[in-house]
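See below for the structure under consideration.
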Amino acid sequence: MSAPAYSAAELADRFGLTVVGDPATVVRGVATLAGATPDTLGFLANPRYRAQLSASRAGIVVMRAEDAEGHAGTALLARDPYATFARIAALFEPVDAFEAGVHPTAVVDATARIDPGAHIGPHVVVGARSVIDAGASLGPGCIVGEDCHVGAGAQLIARVTLVTRVRIGQRVRIHPGAVLGADGFGLAMEAGRWLKVPQLGGVVIGDDCEIGANTTIDRGALEDTILEEDVRLDNQIQVGHNVVIGAHTAMAGCSAVAGSARIGRYCLVGGGAGILGHLEVCDRVIVTAMSLVTHSIREPGEYSSGTPIMDNRAWRKSAARFKQLDALARRLAGTDKD
Amino acid sequence: MSAPAYSAAELADRFGLTVVGDPATVVRGVATLAGATPDTLGFLANPRYRAQLSASRAGIVVMRAEDAEGHAGTALLARDPYATFARIAALFEPVDAFEAGVHPTAVVDATARIDPGAHIGPHVVVGARSVIDAGASLGPGCIVGEDCHVGAGAQLIARVTLVTRVRIGQRVRIHPGAVLGADGFGLAMEAGRWLKVPQLGGVVIGDDCEIGANTTIDRGALEDTILEEDVRLDNQIQVGHNVVIGAHTAMAGCSAVAGSARIGRYCLVGGGAGILGHLEVCDRVIVTAMSLVTHSIREPGEYSSGTPIMDNRAWRKSAARFKQLDALARRLAGTDKD
Amino acid sequence: MSAPAYSAAELADRFGLTVVGDPATVVRGVATLAGATPDTLGFLANPRYRAQLSASRAGIVVMRAEDAEGHAGTALLARDPYATFARIAALFEPVDAFEAGVHPTAVVDATARIDPGAHIGPHVVVGARSVIDAGASLGPGCIVGEDCHVGAGAQLIARVTLVTRVRIGQRVRIHPGAVLGADGFGLAMEAGRWLKVPQLGGVVIGDDCEIGANTTIDRGALEDTILEEDVRLDNQIQVGHNVVIGAHTAMAGCSAVAGSARIGRYCLVGGGAGILGHLEVCDRVIVTAMSLVTHSIREPGEYSSGTPIMDNRAWRKSAARFKQLDALARRLAGTDKD
C-alpha cells in the first residue's frame, strides 16, 4: 500500500486547474488546512476559514482565484474548490478489494441469477428469482430476499437487507444495517383489534442514490416506494410506504417521511426533520433540522418549526407563556370577552 | 406463480358482502382507485377520494352502501371498506416459502429446543436453552441469544436479534434489524466515572404484536420490559428498559419511550414523538407527531407540542419573540416592575 | 445455574458497608422495593420512593444512614445506595459464556491478527489487517472490515459492524446493530448532480465506552471521529463525521450530533435531542430531551427548546398565535407602523 503521489502540475492537468506557485510541489494525501503538512493538499472553499490559510502548512491549497491574492504557497485555482477537492481526494481513497465470484459461505437460491462479474461476499443470502448485475457487490452479511434486482456497479457495503421486490439502480451505494422493502406500516382497526393490511408493492431506487447506515425504506402497499436518481440519504432515515422522493434531493440523518408523501427534486431535508404523510413538497424546498412539515409546501424556499435553544430556566418561563398565548393575544386585542 | 382470480360473487360470499353490478366480474389483484385496471379491485374508504371513483377503471370497488349510489361499475358493499379491502388483499399476497427444518449453515446450541415444525434459516444462530415453537420462522441471519422463547407461528423476517431473556408471543412478526433484549441504559456516576448498572430483566412480547425494522426494545433492569398483545410498532422505534405498552397501542416510525414509562391500551403515538421515562399515559391517548410527553397523561384525548411549520424568515421572527414571551406577557399584564 | 447467595455480613465486608439488623440475612437476587421478596435485596436511593420502603418485603435494603432510622428490617448503609446496588447486582448477573478461539463458521482474512485469547463467534467476518486483542469478544454475526483494531476485553455483543479504520478501546461494549465507520455524509453539488466527497478518516472509541443498539458513528472525512474514554451512548444515536465527544459524556436514545461538532466532557444529552454541526458545546452541559442546539454553548448549565405538551385543541390556538408573535409584540410595543 505505497501511497500515491501527485504534483501540482499533474493535478492541474487532470482537473483543468491553474497552478500558482511551484508546479513541482508533490502531495501524498489530503487534509484540513489546520491539520495539513507540507506533503498534503488542503482546500479553502468557505471564506470563513480564510484565517486558517496563512497558518496552514499545506503543500498545495485548492482555492478560488480571488482568495489566492497574497498567498505565499502553491495553490490550485478552481471555480468550485470543494468539488475539485472531492475529486482530488478520491485519488487518495483506498480502493475496496473487489473479487468477482460467490464466497463459499454464501447461500444463493437456485433460481437467482448472479452475473459472473458480481461479488457475493461471506454469509450473504440471495433469495428466489433475484438478479445481481455485473460489477455489483454484496458485502459480508447482506441479505437479498425474493424478486429483487441489484443494478450494475451497485455496492451493498455490508449487512444490508433487501426484503422483497426491491429494485436497486446502477452505482447505488447502501451502507450497513439499511433495510429496504420491509412491510409498510398498514393497519386497519376491526372489532377492537388491528388487522394487517398486506403490503404488495415494492421499492425502486434510482441510479446513483446513496442510502445511509440503518436507514429504512418500506415497500409500498399497492404501488412502489420510489427514490428517483441521485437521491442522497444519510443514516437512520425512515421512509414510509409509497413515498416518492425526487431526483437530487438530500436528507440528513434521522429525518423521516411518512407514507405516501411526495418530495420534490433538489430538496434538502435537515437532520431529524419530519414530513407527514399524504402531502406534497415541491422542488427546491429546504426544511431545517428537526422541523415538522404538516401540510403540503407549494413554494420553493426554506421552512422551519420549533423554538430556539435557551437556558432552561428562561425556557421554562417562555414555555409556560406559550400555553397562555391565545389568552394573551385576546387580551391585547381587547377581545377577551369571557 | 399464476395469479389467483376471484369473482365479485366469490368475494361477497367469502366476506359476507353485497354485490352491486355484475357478480361475474373477475379480479386478479388489488390496486388504488387511480392505478386500478379492469382486472383489479380497488376500495373507497375515505370520502375525500370520492372524485377518484368515477374516473377509476377498477373492475370491482369495495365501498360503503351510501357511496354506491349512482356508481356505474361493480361494487362490493361493506360496513368497513378498508378492513374488508385488507382481507381481500391478503388473498393476493405472495405466500412466503416456509420449510420446516434447520438450514445446514445455522448454528444451534445443543441445549436449545427447536420444534420440528419450525423453520431455522441460513446463518441463523440460536443460543443456550432457547426454545423455538412450531410454525415459528427465523429468517436468514437471525440471532437468538440465551434463554429466549419464540412462540408458535412467530415470524422473524430476517436479521432480527434477540439478545437474552426475550419471550416472543404467538404470531408476532418482527422485521429486519430489530434488536430486542439489549442492555437497558442504566448508569450510576461514581467518583467521576460511569458505573454500569446490570440489566437483569428480560423482554416479553405479547401475541400478535408487530415490530418494525431497526426498532430496539431494551430488556429490563430488574423486571421485564413488556408489550401486551396486539401492539404495533413501526420502524426505528426505541423502547427503554422496563417500559410497559398496553394492548392494541400503535406507534409510528421513529417514536421513542424512555425507561419505566407505562403506556395504556389503544393509544396512538405519532411519528418521531417522545415519551419521557417514569410516567404514565392512560388508555386511548393520541400523541401527535414529534410531540414530547413530559408528564403523565390521565385523560384520554389528543395531545401535542411544537410549533407550526413556517417560512424560515417569518419563523425567525416568531422564534426571537418566543425568547421574550415572559417579558411581553408581564408588560401586557402591567406587572413588569423591573 | 444454581443462583449465588450472599449474607448481609458478606456484602458489608465486600463493599465496605455498615449492617443494620441481622447480618445473617441471606439474599439470592436483587429486586425493586415493590417487587422484592425476603430472599432478595432492594435499594432506596431516591427519597421519593420512601413510602415503598415500609411495605417492601425485601430481605435487605441498601440505603443511606439517614433513611434507615426507624427501619425495622435489615439494611446495608451506603453513601451512594444506587452505585452500591449496581455493584451488588453485578454479583447476580449471569456471566456470558466466553470461549477463546475462532468459530469454524467465521471468515477471517489471512492478514488479520486474532489474539489466541479472543473469542470470534459464529458467522463473524474479520477483514484485512484488522487486529483483535486478548479477551475481546466478537459475538455472532459481527463484521469487522479492513484496518480495524478491537482492544483488550472489548465486547461486540452480536451483529455489530465496524466498516473500516475503526479503533475500539479496551473494555468497550457495543450492542447489536451498531454501525461504526460507515462513510460520513459528505456531498458537493456539481453541475446539478451530487458528487461524493471521499471519507478518508476513521473512528476512535476510547476505553470503557458503551455504544447502544443500532447506533451509528460515521468515520471522518479527513481526520477521525472521536469518542473519548467512558462515553456512554444509548440506542439509535447518530454521530456524524469528525464529531468529538468528551470523556464521561452520556447521550440518551435517538439523540444525534451532526458533523464536526465538538461536545465537552461530562455532558448529558437527552433523548431525541439534536446538536447541529460545526459548533462547540462546553463541559458539563445538559441538553433536555428533543431540544435542538443550533449554536455553540460556552457556559455549563441546562438548555432546552420546544414547547410543553398540551391538549391538542388548546395547542392549536397557541400554535396559531405563535405565527403572529412578532405582530403581537410590535402591537404591544406600539411600534407596529405598517
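Just remember, in the C-alpha cells the first chain shown is A, the second B, etc., residues are 1-based per chain, and ligands are 1-based in the order shown.
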
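Near chain A, within 6 Å and counting only C-alpha atoms, the residues of chain C are C:Ala188, C:Val197, C:Pro198, C:Leu222, C:Val293, C:Glu302, C:Tyr303, C:Ser304, C:Ser305, C:Gly306, C:Thr307, C:Lys317, C:Ser318.
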
Exercise for review: Write down as a ChimeraX atom specification the residues belonging to stretch 79-313 of chain B that are assigned strand (DSSP E) by DSSP computed on the backbone.
Suggested key: /B:101-102,107-108,113-114,119-120,125-126,131-132,137-138,143-146,149-150,155-156,161-164,166-168,173-174,179-182,187-190,193-196,203-205,210-211,216-218,225-227,232-233,238-239,244-245,250-251,256-257,262-263,268-269,274-275,280-281,285-287,292-293,301-304,310-311

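All residues in stretch 3-175 of chain C with a DSSP state of alpha helix (DSSP H), computed from the backbone, read Ala8, Ala9, Glu10, Leu11, Ala12, Asp13, Arg14, Phe15, Arg50, Ala51, Gln52, Leu53, Ser54, Ala55, Pro81, Tyr82, Ala83, Thr84, Phe85, Ala86, Arg87, Ile88, Ala89, Ala90 and Leu91 of chain C.
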
Could the residues in this selection be saved with N, CA, C and O atoms as a short mmCIF file (atom, residue, chain, number, x, y, z; two decimals), in the first residue's frame?
```
data_model
loop_
_atom_site.label_atom_id
_atom_site.label_comp_id
_atom_site.auth_asym_id
_atom_site.auth_seq_id
_atom_site.Cartn_x
_atom_site.Cartn_y
_atom_site.Cartn_z
N ALA C 8 -25.85 -10.50 54.49
CA ALA C 8 -25.63 -9.07 54.70
C ALA C 8 -24.20 -8.82 55.18
O ALA C 8 -23.54 -7.86 54.76
N ALA C 9 -23.72 -9.70 56.04
CA ALA C 9 -22.36 -9.54 56.56
C ALA C 9 -21.33 -9.65 55.44
O ALA C 9 -20.38 -8.85 55.35
N GLU C 10 -21.52 -10.63 54.56
CA GLU C 10 -20.58 -10.79 53.44
C GLU C 10 -20.58 -9.55 52.53
O GLU C 10 -19.53 -9.09 52.08
N LEU C 11 -21.78 -9.04 52.22
CA LEU C 11 -21.87 -7.87 51.34
C LEU C 11 -21.24 -6.64 52.01
O LEU C 11 -20.55 -5.85 51.35
N ALA C 12 -21.50 -6.49 53.32
CA ALA C 12 -20.93 -5.35 54.05
C ALA C 12 -19.41 -5.41 53.99
O ALA C 12 -18.73 -4.41 53.74
N ASP C 13 -18.91 -6.61 54.15
CA ASP C 13 -17.47 -6.80 54.14
C ASP C 13 -16.89 -6.50 52.76
O ASP C 13 -15.89 -5.80 52.62
N ARG C 14 -17.55 -7.02 51.74
CA ARG C 14 -17.02 -6.88 50.39
C ARG C 14 -17.05 -5.42 49.90
O ARG C 14 -16.15 -4.98 49.18
N PHE C 15 -18.10 -4.69 50.27
CA PHE C 15 -18.26 -3.34 49.71
C PHE C 15 -18.05 -2.22 50.75
O PHE C 15 -18.33 -1.06 50.47
N ARG C 50 -39.57 6.53 49.35
CA ARG C 50 -39.52 6.17 50.77
C ARG C 50 -40.77 5.44 51.23
O ARG C 50 -40.70 4.54 52.06
N ALA C 51 -41.90 5.83 50.66
CA ALA C 51 -43.17 5.20 51.06
C ALA C 51 -43.16 3.70 50.75
O ALA C 51 -43.80 2.91 51.44
N GLN C 52 -42.39 3.33 49.70
CA GLN C 52 -42.35 1.91 49.33
C GLN C 52 -41.54 1.08 50.33
O GLN C 52 -41.67 -0.13 50.38
N LEU C 53 -40.71 1.77 51.11
CA LEU C 53 -39.80 1.06 51.99
C LEU C 53 -40.52 0.22 53.04
O LEU C 53 -40.23 -0.97 53.24
N SER C 54 -41.49 0.86 53.70
CA SER C 54 -42.15 0.15 54.81
C SER C 54 -42.96 -1.05 54.29
O SER C 54 -43.07 -2.07 54.96
N ALA C 55 -43.48 -0.93 53.07
CA ALA C 55 -44.29 -2.02 52.51
C ALA C 55 -43.44 -3.11 51.86
O ALA C 55 -43.93 -4.20 51.56
N PRO C 81 -26.31 4.75 47.61
CA PRO C 81 -27.01 3.46 47.52
C PRO C 81 -27.16 2.94 46.09
O PRO C 81 -27.12 1.73 45.87
N TYR C 82 -27.32 3.84 45.10
CA TYR C 82 -27.56 3.35 43.73
C TYR C 82 -26.29 2.71 43.17
O TYR C 82 -26.33 1.61 42.60
N ALA C 83 -25.16 3.38 43.35
CA ALA C 83 -23.90 2.81 42.86
C ALA C 83 -23.57 1.51 43.60
O ALA C 83 -23.13 0.52 42.99
N THR C 84 -23.82 1.50 44.91
CA THR C 84 -23.58 0.28 45.68
C THR C 84 -24.49 -0.85 45.20
O THR C 84 -24.05 -2.00 45.03
N PHE C 85 -25.75 -0.50 44.96
CA PHE C 85 -26.68 -1.50 44.44
C PHE C 85 -26.17 -2.05 43.10
O PHE C 85 -26.24 -3.27 42.85
N ALA C 86 -25.67 -1.16 42.24
CA ALA C 86 -25.17 -1.62 40.94
C ALA C 86 -24.05 -2.65 41.13
O ALA C 86 -24.00 -3.67 40.43
N ARG C 87 -23.18 -2.40 42.09
CA ARG C 87 -22.08 -3.33 42.33
C ARG C 87 -22.59 -4.66 42.90
O ARG C 87 -22.09 -5.74 42.55
N ILE C 88 -23.58 -4.59 43.76
CA ILE C 88 -24.13 -5.83 44.32
C ILE C 88 -24.89 -6.60 43.23
O ILE C 88 -24.76 -7.82 43.10
N ALA C 89 -25.67 -5.88 42.42
CA ALA C 89 -26.44 -6.54 41.36
C ALA C 89 -25.53 -7.31 40.42
O ALA C 89 -25.89 -8.38 39.90
N ALA C 90 -24.32 -6.76 40.20
CA ALA C 90 -23.40 -7.43 39.28
C ALA C 90 -23.02 -8.83 39.76
O ALA C 90 -22.67 -9.70 38.96
N LEU C 91 -23.12 -9.04 41.08
CA LEU C 91 -22.83 -10.38 41.61
C LEU C 91 -23.85 -11.41 41.11
O LEU C 91 -23.57 -12.61 41.09
#
```

Check your understanding: Just how far from atom CA of A:Asp147 is atom CA of A:Gly259, in Å to one decimal?
Key -> 22.7 Å

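Distance-wise, atom CA of C:Asn46 and atom CA of B:Gly201 end up 20.9 Å apart.
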